[in-house]
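Q: Here it is, the structure in full.
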Amino acid sequence: MKFLLRRSIFYVITAWAAVTINFIIPRLLPGDPVAAIIAKNQGKIPAEAAESLRILFGLDDSLSLWDQYVQYWKLLFQGDLGLSFTFFPTPVADVVAQGLPWTIGLVGISTIIAFTIGTLVGTAIGWRRGTWADSLLPITTFFSTVPYFWLGLIVVAIFSVNLGWFPSSGSYDRGLVPAFDWPFISSVIYYGTLPALTIVLSSISGWILGMRNMMVTVSSEDYVTVAHAKGLSARAVMFGYAARNAVLPQISSFALSLGFIVGGTLIMEMIFSYQGIGYTLYQAVSTHDYPLMQGCFLVITLSVLAANIIADFVYAVLDPRTRQEG
Amino acid sequence: MTVDANLVTEADELARQSQAPKTGFFSTPKRRAAGKPPRLLFLRSSKALWGIGILAFFTLIAIIGPWIAPYDPDAPSQALLQPPSWEHWVGTDHLGRDILSQLIVGTRYVLLVGFVAGIAATVLGIIVGVTSGYLGGAGDETLSALANIFLVIPQLPLIIIIAGQLPAAGGLTVALVIAVTGWAWGARVLRAQTLSLRRRDFVEAARANGERSHRIILFEILPNLTAIIASGFVGTVTFAVLSQITLAFIGVTPVSDWNWGTVLFWAQNNLALQRGAWWWFVPAGLCIALLGMALTLINFGIDEFVNPRLRSTSANARSLKRRRIVPRIGFTPVVRTAHPAAPRTRKEPTA
Amino acid sequence: MTSTDTAGAGAPAPAGALVADPVLDIRGLSVDYGFDANPTHVLRDVSLSLGRGEVLGLAGESGCGKSTLAYAATRLLPPPGLITGGEVWFTGRDGRREDVLAMTDARLRQSRWQDTAIVFQGAMNSLNPVFRVGRQIVDGIFAHRPKWSKAQATERAAELFEMVGIAPDRLRSYPHQLSGGMRQRVMIAMALALEPQVLIMDEPTTALDVVMQRQIVEQIAELRDRLGFSVIFITHDVSLLIEIADRIAIMYAGEIVEQGPAQELYRRPRHPYTKGLLSSFPPLRGPKTELAGIPGAPPDLSNPPAGCRFAARCPHALGRCQAVEPELGPTAVPGDATARRVACHLHDGAQPVPLELALTR
């Protein structure tokens with residue numbers, strides 16, 4: 001259990017670091033854009049909300065940095081991230097809470113799909129090294145080097161503008177009332193197909209390449225040779241011995257690169273005006289809504305951390321060595 | 001392929017590599033060390049050569065760009081939103097500005113930010129990674145935890161909120177922000193490698209001789225990390241290029257600085273997609289892809305140089321097929337050929 | 001020189017004649033490394049027979065091709081290894097003869113572990129780290145005995161564990177929970193699961209301490225006596241071989257340079273390389289002797305020298321050693337057993353064999 005304990009400590013520290021970074025950034029940067037906005041909206045912002053914003057952005061010079069920090073944490077524990085200017089006077093927490101399920105649904109599902117398919121394809125390519133399968137590599141390399149958002153643009157141009165198969169923006173048919181029924185869910189799937197496809201297309205190549213390289217490395221391990229020597233079927237060797245071990249580093253790198261992937265996929269929401277956190281962040285950036293920006297960043301980071309914890313858990317289940325006592 | 005000499009021992013010592021017994025009785029020098037491949041070997045990889053070629057092309061454009069650009073990228077004209085023609089090879093935008101000129105002029109910014117960020121992040125990564133790997137103990141724990149934290153925190157949103165709150169996020173600022181958030185990967189890889197180097201004989205020997213730590217790091221460890229540093233650098237440049245273009249695309253950085261992302265920003269904001277103005281967003285993306293491809297190819301070259309297992313099994317697939325060789329682990333191919341290259345001087349007695 | 005007739009003048013015996021009833025007969029095996037136009041010839045025309053019930057020791061410096069020989073004979077050599085010629089005849093208990101190199105994949109898979117099992121060097125890496133050791137034994141059994149019940153296979157695994165001296169409750173351990181010696185025993189138990197006729201052991205004891213080495217070697221000898229399989233025991237430590245081997249073959253630079261009955265070869269080496277190799281290791285028993293290495297390094301096989309490959313390091317090298325390659329033939333020492341073979345110009349009868357290579361008693 002030492003592994004899980006170590007990891008838990010790490011996550012606590014990382015969460016603390018993320019919050020602290022969020023606390024420090026506005027204080028380090030020059031200029032008080034938030035002060036200006038508060039001044040501009042004098043009277044419109046409730047006194048209490050203005051106070052929160054002062055704490056969040058360190059506008060109150062009378063307090064010591066430590067006191068500001070303590071107050072900041074207090075606000076966070078109350079779930080108070082300030083008021084959004086873009087969606088005035090909705091609290092940032094509410095705006096973010098609206099977007100989060102969409103992001104988790106879109107980015108989460110498509111990332112898992114990409115990971116699964118990519119790992120399987122990588123397994124096959126790595127296993128059949130030196131055959132035609134290797135010629136898939138240049139194609140996947142190309143997809144791994146184009147920026148996510150550009151692929152999004154191309155996909156929209158082809159499937160939405162030219163072919164008209166899928167809508168180019170939004171997350172469901174606005175004529176529908178969100179409910180847990182088939183028309184709504186099918187609409188969500190219909191609208192989500194294109195962004196999901198783009199995310200899968202652009203992130204899958206990383207998994208293919210990673211798994212392929214791990215398969216190549218693991219395939220020359222002794223235990224794989226032993227498995228061949230035992231006369232096990234090709235399937236048993238490929239999955240039980242080679243892929244079963246190659247997937248372990250793949251999962252750790254999944255955990256590590258989640259931050260990177262999520263960053264890229266959030267941009268995708270911007271292209272598709274998909275109402276998740278990424279799109280919210282985009283709106284916040286373009287309208288200089290600093291409280292919303294900070295809130296988005298915090299929530300994104302914490303979500304990535306949560307995903308990391310899950311990935312770690314899966315790793316611990318798959319690798320008996322992490323369960324070693326002592 | 002001169003590397004094959006090294007591979008021979010691998011066949012025999014398939015498994016032993018890590019735990020080779022110290023026989024020591026034979027006065028034979030370590031052959032692996034003796035047959036060290038020349039450093040420029042990775043240039044023999046055609047992948048790396050292609051990558052370097054493309055990168056050199058873009059670097060040239062970045063240097064001479066403003067002189068060879070056919071138009072002023074900011075100058076409007078009457079030719080609004082024109083598809084590619086002889087006057088405008090890549091067409092024009094909604095103000096009649098020449099897109100090719102925008103791309104050419106923008107190359108400098110892209111490469112400059114990419115390399116500045118890459119260099120800064122690599123230096124940070126080397127400092128943190130090597131120190132952490134060399135120190136060990138509590139210092140290592142702290143530094144590698146720091147690197148892991150920066151890895152887990154999503155960089156792009158972090159870059160966005162920092163750059164978004166800066167009053168003027170110019171090129172250099174963006175480069176530094178990218179460097180500050182993007183050093184962790186290199187540091188992590190370098191730490192692992194330094195850790196293993198630290199236990200090697202030559203480092204132990206240097207330490208036993210009482211050499212100073214900074215001398216050991218500079219002269220014994222760093223030279224052995226060259227390939228990994230190079231690959232980390234190339235990776236960071238790729239990340240920096242993509243990040244800054246993304247930033248420009250979502251409009252965080254000033255739209256007056258031309259870079260490929262800026263072109264896409266204008267395209268997106270003027271509904272180039274809906275208007276079917278493919279020439280507005282396709283060429284910029286292809287430039288990004290081409291540059292990214294070049295960097296990735298260079299890294300493939302370095303990877304294969306560092307890890308021979310990844311080297312495609314020499315010879316190309318077609319010639320293998322012609323000789324009916326199926327390279328497979330667990331089933332060594334049998335291709336009965338005479339040995340014209342090395343005939344025996346006398347025949348084996350077979351009576 | 002009266003008794004030279006049998007060895008010197010008679011026609012060289014066919015390769016198979018060294019062994020009366022070969023279970024594994026390797027003939028003219030050649031292996032290249034590298035698929036490109038300029039491969040390295042790591043094995044050239046190697047012939048070796050393993051008699052039924054015999055323990056054959058295979059020794060040489062690392063990189064001499066002894067492991068390559070074992071992997072190639074079982075077709076387990078990884079890319080870019082390529083077998084370019086030769087035959088590996090396996091003879092079953094029922095007299096069935098088959099060329100391993102000519103088998104289809106399916107047939108090869110079927111034959112593996114039943115006919116020939118291997119214990120690899122470095123037991124740490126030979127076990128799949130994510131499966132319990134019991135499961136790794138059982139999956140090998142199921143691959144060949146699909147009709148067995150799970151209980152039956154597990155029982156067999158427990159029996160094997162007892163055979164090699166491990167408590168059967170260790171079947172539920174993961175490899176990382178076992179010590180190095182125990183892991184090696186697990187590998188041996190695993191190899192014996194299907195009662196193979198040939199057991200190839202590739203440096204099975206190098207990662208272990210001396211005490212453990214002896215225990216393992218003794219155990220192998222004891223199991224061989226009980227179960228009657230044949231063993232190819234690969235090691236760079238000739239003094240270890242003398243404990244267990246019936247016959248020893250010495251390899252150098254991808255070729256067999258000497259072979260003969262273990263005791264004779266050990267006490268009275270005929271090839272200068274064997275002599276050097278033997279004096280590199282302290283004898284396990286007997287008086288202390290001075291250790292001397294062999295100066296120089298084995299040749300680069302991608303660019304081998306003409307003539308005898310050992311000539312550059314040989315203290316007795318003659319002029320023709322640099323030009324003409326010696327072939328494996330009888331020794332020139334009177335009274336040697338007929339089963340002795342050496343590849344050295346010193347034994348072609350044209351000159352007296354140096355004293356230290358001509359010991360008779």
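Each chain in the structure tokens gets a letter, A, B and so on, in the order shown; residues start at 1 in every chain, and ligands are counted from 1 in the order they appear.
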List every residue of region 59-179 of chain C that DSSP, applied to the backbone, labels as alpha helix (DSSP H), and write the result as an NGL selection string.

A: :C and (66-73 or 105-111 or 123-126 or 133-144 or 150-163)

Q: Between chain C and chain A, at 7 Å or less, what are the per-residue closest atom pairs and their distances in Å? Count only C-alpha atoms, order by chain and rising residue number, and return it as JSON lines.

A:
{"residue": "C:Leu76", "atom": "CA", "partner": "A:Thr225", "partner_atom": "CA", "distance": 6.8}
{"residue": "C:Arg109", "atom": "CA", "partner": "A:Gly231", "partner_atom": "CA", "distance": 4.3}
{"residue": "C:Gln110", "atom": "CA", "partner": "A:Gly231", "partner_atom": "CA", "distance": 6.1}
{"residue": "C:Arg112", "atom": "CA", "partner": "A:Gly231", "partner_atom": "CA", "distance": 5.1}
{"residue": "C:Trp113", "atom": "CA", "partner": "A:Lys230", "partner_atom": "CA", "distance": 5.0}
{"residue": "C:Ala117", "atom": "CA", "partner": "A:Ala229", "partner_atom": "CA", "distance": 7.0}
{"residue": "C:Asn125", "atom": "CA", "partner": "A:Asp222", "partner_atom": "CA", "distance": 5.5}
{"residue": "C:Ser126", "atom": "CA", "partner": "A:Tyr223", "partner_atom": "CA", "distance": 4.2}
{"residue": "C:Leu127", "atom": "CA", "partner": "A:Tyr223", "partner_atom": "CA", "distance": 5.1}
{"residue": "C:Asn128", "atom": "CA", "partner": "A:Tyr223", "partner_atom": "CA", "distance": 5.4}
{"residue": "C:Val130", "atom": "CA", "partner": "A:Asp319", "partner_atom": "CA", "distance": 5.8}
{"residue": "C:Gly140", "atom": "CA", "partner": "A:Lys230", "partner_atom": "CA", "distance": 5.5}
{"residue": "C:Ala143", "atom": "CA", "partner": "A:Leu232", "partner_atom": "CA", "distance": 5.5}
{"residue": "C:His176", "atom": "CA", "partner": "A:Arg321", "partner_atom": "CA", "distance": 6.9}

Q: Using DSSP on the backbone coordinates, identify all residues within region 100-228 of chain C classified as strand (DSSP E or B); present the result as an MDAnalysis selection string.

A: chainID C and resid 112 116:119 198:202

Q: Mind writing the picked residues with C-alpha atoms as an mmCIF file, in the first residue's frame?

A:
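What landed in result-v6.cif:
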data_model
loop_
_atom_site.group_PDB
_atom_site.id
_atom_site.type_symbol
_atom_site.label_atom_id
_atom_site.label_comp_id
_atom_site.auth_asym_id
_atom_site.auth_seq_id
_atom_site.Cartn_x
_atom_site.Cartn_y
_atom_site.Cartn_z
ATOM 1 C CA ARG C 112 8.498 -26.537 -27.824
ATOM 2 C CA THR C 116 13.039 -29.056 -25.624
ATOM 3 C CA ALA C 117 12.699 -26.721 -22.670
ATOM 4 C CA ILE C 118 14.997 -23.851 -21.835
ATOM 5 C CA VAL C 119 16.134 -22.274 -18.606
ATOM 6 C CA VAL C 198 16.205 -31.874 -23.803
ATOM 7 C CA LEU C 199 16.824 -29.151 -21.278
ATOM 8 C CA ILE C 200 18.907 -26.213 -22.432
ATOM 9 C CA MET C 201 20.310 -24.209 -19.557
ATOM 10 C CA ASP C 202 21.771 -20.872 -20.526
#

Q: Using only C-alpha atoms, determine which residues lie at most 6 Å from Arg341 (chain C), disregarding the query and same-chain residues fewer than 6 positions distant; provide the list as a ChimeraX atom specification.

A: /C:258-259,328-330

Q: Create the file for the chosen residues now, containing all heavy atoms and written as a PDB file, in the first residue's frame.

A:
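Okay, this is what ended up in part_1.pdb:
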ATOM      1  N   GLU C 258      36.956 -27.092 -29.684  1.00  0.00           N
ATOM      2  CA  GLU C 258      37.378 -28.349 -29.089  1.00  0.00           C
ATOM      3  C   GLU C 258      36.182 -28.999 -28.425  1.00  0.00           C
ATOM      4  O   GLU C 258      35.326 -28.321 -27.847  1.00  0.00           O
ATOM      5  CB  GLU C 258      38.488 -28.121 -28.043  1.00  0.00           C
ATOM      6  CG  GLU C 258      38.951 -29.428 -27.414  1.00  0.00           C
ATOM      7  CD  GLU C 258      40.202 -29.305 -26.569  1.00  0.00           C
ATOM      8  OE1 GLU C 258      40.671 -28.172 -26.365  1.00  0.00           O
ATOM      9  OE2 GLU C 258      40.691 -30.343 -26.114  1.00  0.00           O
ATOM     10  N   GLN C 259      36.108 -30.316 -28.517  1.00  0.00           N
ATOM     11  CA  GLN C 259      35.124 -31.008 -27.707  1.00  0.00           C
ATOM     12  C   GLN C 259      35.655 -32.383 -27.305  1.00  0.00           C
ATOM     13  O   GLN C 259      36.497 -32.960 -27.987  1.00  0.00           O
ATOM     14  CB  GLN C 259      33.775 -31.121 -28.397  1.00  0.00           C
ATOM     15  CG  GLN C 259      33.787 -31.754 -29.780  1.00  0.00           C
ATOM     16  CD  GLN C 259      32.378 -31.961 -30.286  1.00  0.00           C
ATOM     17  OE1 GLN C 259      31.554 -32.526 -29.594  1.00  0.00           O
ATOM     18  NE2 GLN C 259      32.106 -31.492 -31.489  1.00  0.00           N
ATOM     19  N   LEU C 328      37.813 -28.905 -37.426  1.00  0.00           N
ATOM     20  CA  LEU C 328      37.636 -29.753 -36.251  1.00  0.00           C
ATOM     21  C   LEU C 328      38.014 -31.184 -36.621  1.00  0.00           C
ATOM     22  O   LEU C 328      37.408 -31.777 -37.503  1.00  0.00           O
ATOM     23  CB  LEU C 328      36.170 -29.673 -35.812  1.00  0.00           C
ATOM     24  CG  LEU C 328      35.855 -29.980 -34.350  1.00  0.00           C
ATOM     25  CD1 LEU C 328      36.610 -29.059 -33.424  1.00  0.00           C
ATOM     26  CD2 LEU C 328      34.359 -29.862 -34.117  1.00  0.00           C
ATOM     27  N   GLY C 329      39.032 -31.730 -35.969  1.00  0.00           N
ATOM     28  CA  GLY C 329      39.451 -33.074 -36.295  1.00  0.00           C
ATOM     29  C   GLY C 329      40.027 -33.751 -35.061  1.00  0.00           C
ATOM     30  O   GLY C 329      40.024 -33.173 -33.979  1.00  0.00           O
ATOM     31  N   PRO C 330      40.540 -34.958 -35.231  1.00  0.00           N
ATOM     32  CA  PRO C 330      41.099 -35.680 -34.096  1.00  0.00           C
ATOM     33  C   PRO C 330      42.336 -34.953 -33.570  1.00  0.00           C
ATOM     34  O   PRO C 330      42.948 -34.159 -34.269  1.00  0.00           O
ATOM     35  CB  PRO C 330      41.484 -37.033 -34.692  1.00  0.00           C
ATOM     36  CG  PRO C 330      40.816 -37.089 -36.012  1.00  0.00           C
ATOM     37  CD  PRO C 330      40.599 -35.709 -36.476  1.00  0.00           C
TER      38      PRO C 330
END

Q: Using only C-alpha atoms, which residues sit within 8 Å of region 161-178 of chain B once same-chain residues fewer than 5 positions away are excluded, as a list in words?

A: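 The residues that qualify are Ile25, Pro26, Leu29, Pro30, Gly31, Val285, His288, Tyr290, Met293, Gln294 and Phe297 of chain A; Tyr109, Val113, Gly114, Val116, Ala117, Ala120, Ala121, Ala240, Ser243, Gln244, Val252, Thr253 and Pro254 of chain B.
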
Q: May I have the residues of chain C within 7 Å of chain B, counting only C-alpha atoms, written as a VMD selection string?

A: chain C and resid 12 14 33 to 36 63 65 67 to 68 75 to 85 101 121 to 122 206 to 207 280 293 to 297 302 324 to 325 327

Q: Work out how far CA of Leu242 (chain B) is from CA of Ala157 (chain A), in Å to one decimal.

A: 21.1 Å

Q: Which one of A:Ile109, A:Ile139, A:Val70, A:Leu5 sits closest to chain B if you count only C-alpha atoms?

A: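 Smallest distance to chain B is found for A:Ile139.
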
Q: Just how far from CA of Leu83 (chain A) is CA of Lys44 (chain A), in Å to one decimal?

A: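 One can read the CA of Lys44 (chain A) to CA of Leu83 (chain A) distance as 11.6 Å.
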
Q: Tell me which of A:Phe180, A:Phe149, A:Tyr190, A:Tyr315 sits closest to chain B, counting only C-alpha atoms.

A: A:Phe149

Q: Would you kindly return, as JSON, numbers by chain, each protein, DNA or RNA residue with an atom no farther than 10 Å from any atom of region 46-60 of chain A, considering only C-alpha atoms and excluding same-chain residues fewer than 3 positions away?

A: {"A": [22, 23, 24, 25, 26, 27, 28, 32, 33, 34, 35, 38, 39, 41, 42, 43, 63, 64, 65, 67, 68, 69, 70, 71, 72, 73, 75, 76, 80, 81, 82, 83, 84, 89, 91, 290, 291, 294]}

Q: Could you list, as a list in words, every residue within 12 Å of Asn270 (chain B), counting only C-alpha atoms and ignoring same-chain residues fewer than 2 positions away?

A: Leu81, Asp93, His94, Leu95, Val263, Leu264, Phe265, Trp266, Ala267, Gln268, Ala272, Leu273, Gln274, Arg275, Gly276, Ala277, Trp280 and Phe281 of chain B

Q: Generate the output file for the selected residues, all heavy atoms, as a short mmCIF file (atom, residue, chain, number, x, y, z; two decimals), in the first residue's frame.

A:
data_model
loop_
_atom_site.label_atom_id
_atom_site.label_comp_id
_atom_site.auth_asym_id
_atom_site.auth_seq_id
_atom_site.Cartn_x
_atom_site.Cartn_y
_atom_site.Cartn_z
N LEU B 81 -10.47 38.35 -50.30
CA LEU B 81 -10.79 36.93 -50.18
C LEU B 81 -10.68 36.19 -51.51
O LEU B 81 -11.61 35.52 -51.94
CB LEU B 81 -12.21 36.78 -49.61
CG LEU B 81 -12.48 35.49 -48.81
CD1 LEU B 81 -11.53 35.41 -47.62
CD2 LEU B 81 -13.91 35.45 -48.33
N ASP B 93 -6.83 37.49 -47.79
CA ASP B 93 -7.82 37.40 -46.72
C ASP B 93 -8.94 38.42 -46.92
O ASP B 93 -9.03 39.05 -47.99
CB ASP B 93 -7.15 37.51 -45.35
CG ASP B 93 -6.57 38.91 -45.11
OD1 ASP B 93 -6.76 39.79 -45.98
OD2 ASP B 93 -5.94 39.09 -44.05
N HIS B 94 -9.75 38.63 -45.89
CA HIS B 94 -10.94 39.46 -46.05
C HIS B 94 -10.60 40.93 -46.28
O HIS B 94 -11.44 41.72 -46.70
CB HIS B 94 -11.82 39.34 -44.80
CG HIS B 94 -11.16 39.84 -43.56
ND1 HIS B 94 -9.96 39.34 -43.11
CD2 HIS B 94 -11.51 40.83 -42.69
CE1 HIS B 94 -9.59 39.98 -42.01
NE2 HIS B 94 -10.52 40.88 -41.72
N LEU B 95 -9.33 41.33 -45.98
CA LEU B 95 -8.94 42.71 -46.24
C LEU B 95 -8.09 42.81 -47.50
O LEU B 95 -7.53 43.86 -47.81
CB LEU B 95 -8.15 43.27 -45.05
CG LEU B 95 -8.91 43.34 -43.73
CD1 LEU B 95 -8.00 43.80 -42.61
CD2 LEU B 95 -10.11 44.27 -43.85
N VAL B 263 -2.66 33.96 -38.46
CA VAL B 263 -3.38 33.76 -39.72
C VAL B 263 -4.65 32.97 -39.46
O VAL B 263 -5.74 33.32 -39.93
CB VAL B 263 -2.48 33.02 -40.74
CG1 VAL B 263 -3.23 32.75 -42.02
CG2 VAL B 263 -1.21 33.81 -41.00
N LEU B 264 -4.52 31.92 -38.66
CA LEU B 264 -5.69 31.08 -38.35
C LEU B 264 -6.70 31.85 -37.50
O LEU B 264 -7.90 31.65 -37.64
CB LEU B 264 -5.23 29.81 -37.64
CG LEU B 264 -4.41 28.86 -38.51
CD1 LEU B 264 -3.78 27.76 -37.68
CD2 LEU B 264 -5.30 28.25 -39.59
N PHE B 265 -6.18 32.73 -36.64
CA PHE B 265 -7.08 33.54 -35.82
C PHE B 265 -7.99 34.38 -36.72
O PHE B 265 -9.21 34.41 -36.56
CB PHE B 265 -6.24 34.46 -34.91
CG PHE B 265 -7.02 35.53 -34.22
CD1 PHE B 265 -7.71 35.25 -33.05
CD2 PHE B 265 -7.06 36.83 -34.73
CE1 PHE B 265 -8.43 36.25 -32.40
CE2 PHE B 265 -7.79 37.83 -34.09
CZ PHE B 265 -8.47 37.53 -32.92
N TRP B 266 -7.38 35.06 -37.70
CA TRP B 266 -8.18 35.88 -38.61
C TRP B 266 -9.14 35.02 -39.43
O TRP B 266 -10.28 35.40 -39.65
CB TRP B 266 -7.27 36.69 -39.55
CG TRP B 266 -6.56 37.81 -38.84
CD1 TRP B 266 -5.23 37.89 -38.59
CD2 TRP B 266 -7.16 38.98 -38.29
NE1 TRP B 266 -4.94 39.04 -37.89
CE2 TRP B 266 -6.12 39.74 -37.69
CE3 TRP B 266 -8.46 39.47 -38.21
CZ2 TRP B 266 -6.34 40.94 -37.05
CZ3 TRP B 266 -8.67 40.68 -37.57
CH2 TRP B 266 -7.63 41.41 -36.99
N ALA B 267 -8.65 33.87 -39.83
CA ALA B 267 -9.49 32.97 -40.62
C ALA B 267 -10.72 32.55 -39.82
O ALA B 267 -11.86 32.64 -40.28
CB ALA B 267 -8.70 31.75 -41.06
N GLN B 268 -10.47 32.12 -38.58
CA GLN B 268 -11.56 31.65 -37.73
C GLN B 268 -12.56 32.78 -37.45
O GLN B 268 -13.76 32.59 -37.49
CB GLN B 268 -10.98 31.08 -36.43
CG GLN B 268 -11.99 30.81 -35.34
CD GLN B 268 -12.72 29.49 -35.56
OE1 GLN B 268 -12.63 28.91 -36.64
NE2 GLN B 268 -13.46 29.05 -34.57
N ALA B 272 -13.86 31.89 -42.24
CA ALA B 272 -13.24 31.34 -43.45
C ALA B 272 -13.82 29.97 -43.78
O ALA B 272 -14.03 29.63 -44.94
CB ALA B 272 -11.73 31.22 -43.25
N LEU B 273 -14.11 29.18 -42.74
CA LEU B 273 -14.66 27.85 -42.95
C LEU B 273 -15.99 27.93 -43.68
O LEU B 273 -16.21 27.28 -44.70
CB LEU B 273 -14.90 27.17 -41.60
CG LEU B 273 -13.70 26.62 -40.88
CD1 LEU B 273 -14.17 25.98 -39.58
CD2 LEU B 273 -13.04 25.58 -41.75
N GLN B 274 -16.87 28.77 -43.12
CA GLN B 274 -18.22 28.85 -43.67
C GLN B 274 -18.20 29.43 -45.08
O GLN B 274 -19.02 29.11 -45.92
CB GLN B 274 -19.12 29.69 -42.76
CG GLN B 274 -19.55 28.97 -41.50
CD GLN B 274 -18.44 28.81 -40.47
OE1 GLN B 274 -17.35 29.36 -40.62
NE2 GLN B 274 -18.70 28.04 -39.42
N ARG B 275 -17.22 30.31 -45.35
CA ARG B 275 -17.14 30.92 -46.68
C ARG B 275 -16.41 30.02 -47.66
O ARG B 275 -16.22 30.38 -48.82
CB ARG B 275 -16.40 32.24 -46.59
CG ARG B 275 -17.11 33.30 -45.79
CD ARG B 275 -16.30 34.55 -45.94
NE ARG B 275 -16.76 35.63 -45.06
CZ ARG B 275 -16.15 36.79 -45.02
NH1 ARG B 275 -15.10 37.03 -45.77
NH2 ARG B 275 -16.60 37.75 -44.23
N GLY B 276 -15.91 28.92 -47.17
CA GLY B 276 -15.20 27.99 -48.06
C GLY B 276 -13.83 28.50 -48.45
O GLY B 276 -13.29 28.10 -49.48
N ALA B 277 -13.25 29.43 -47.68
CA ALA B 277 -11.93 29.97 -48.03
C ALA B 277 -10.84 29.05 -47.49
O ALA B 277 -10.12 29.39 -46.55
CB ALA B 277 -11.78 31.38 -47.47
N TRP B 280 -7.20 29.91 -46.71
CA TRP B 280 -6.90 30.76 -45.57
C TRP B 280 -6.39 29.94 -44.38
O TRP B 280 -5.48 30.34 -43.68
CB TRP B 280 -8.16 31.54 -45.17
CG TRP B 280 -7.88 32.83 -44.47
CD1 TRP B 280 -6.69 33.25 -43.97
CD2 TRP B 280 -8.82 33.85 -44.18
NE1 TRP B 280 -6.81 34.48 -43.41
CE2 TRP B 280 -8.12 34.88 -43.52
CE3 TRP B 280 -10.19 34.01 -44.42
CZ2 TRP B 280 -8.76 36.05 -43.10
CZ3 TRP B 280 -10.81 35.17 -44.01
CH2 TRP B 280 -10.10 36.19 -43.34
N PHE B 281 -6.98 28.75 -44.21
CA PHE B 281 -6.55 27.98 -43.04
C PHE B 281 -5.76 26.71 -43.37
O PHE B 281 -5.05 26.20 -42.53
CB PHE B 281 -7.75 27.65 -42.13
CG PHE B 281 -8.87 26.91 -42.80
CD1 PHE B 281 -8.85 25.53 -42.84
CD2 PHE B 281 -9.94 27.59 -43.38
CE1 PHE B 281 -9.88 24.83 -43.45
CE2 PHE B 281 -10.96 26.89 -43.99
CZ PHE B 281 -10.94 25.51 -44.03
#

Q: Excluding same-chain residues fewer than 6 positions from Thr92 (chain B), what lies within 8 Å of it counting only C-alpha atoms, as a list in words?

A: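 Near Thr92 (chain B), the qualifying residues are Ala79, Leu80, Leu81, Gln82, Pro83, Pro84, Asp98, Ile99 and Trp280 of chain B.
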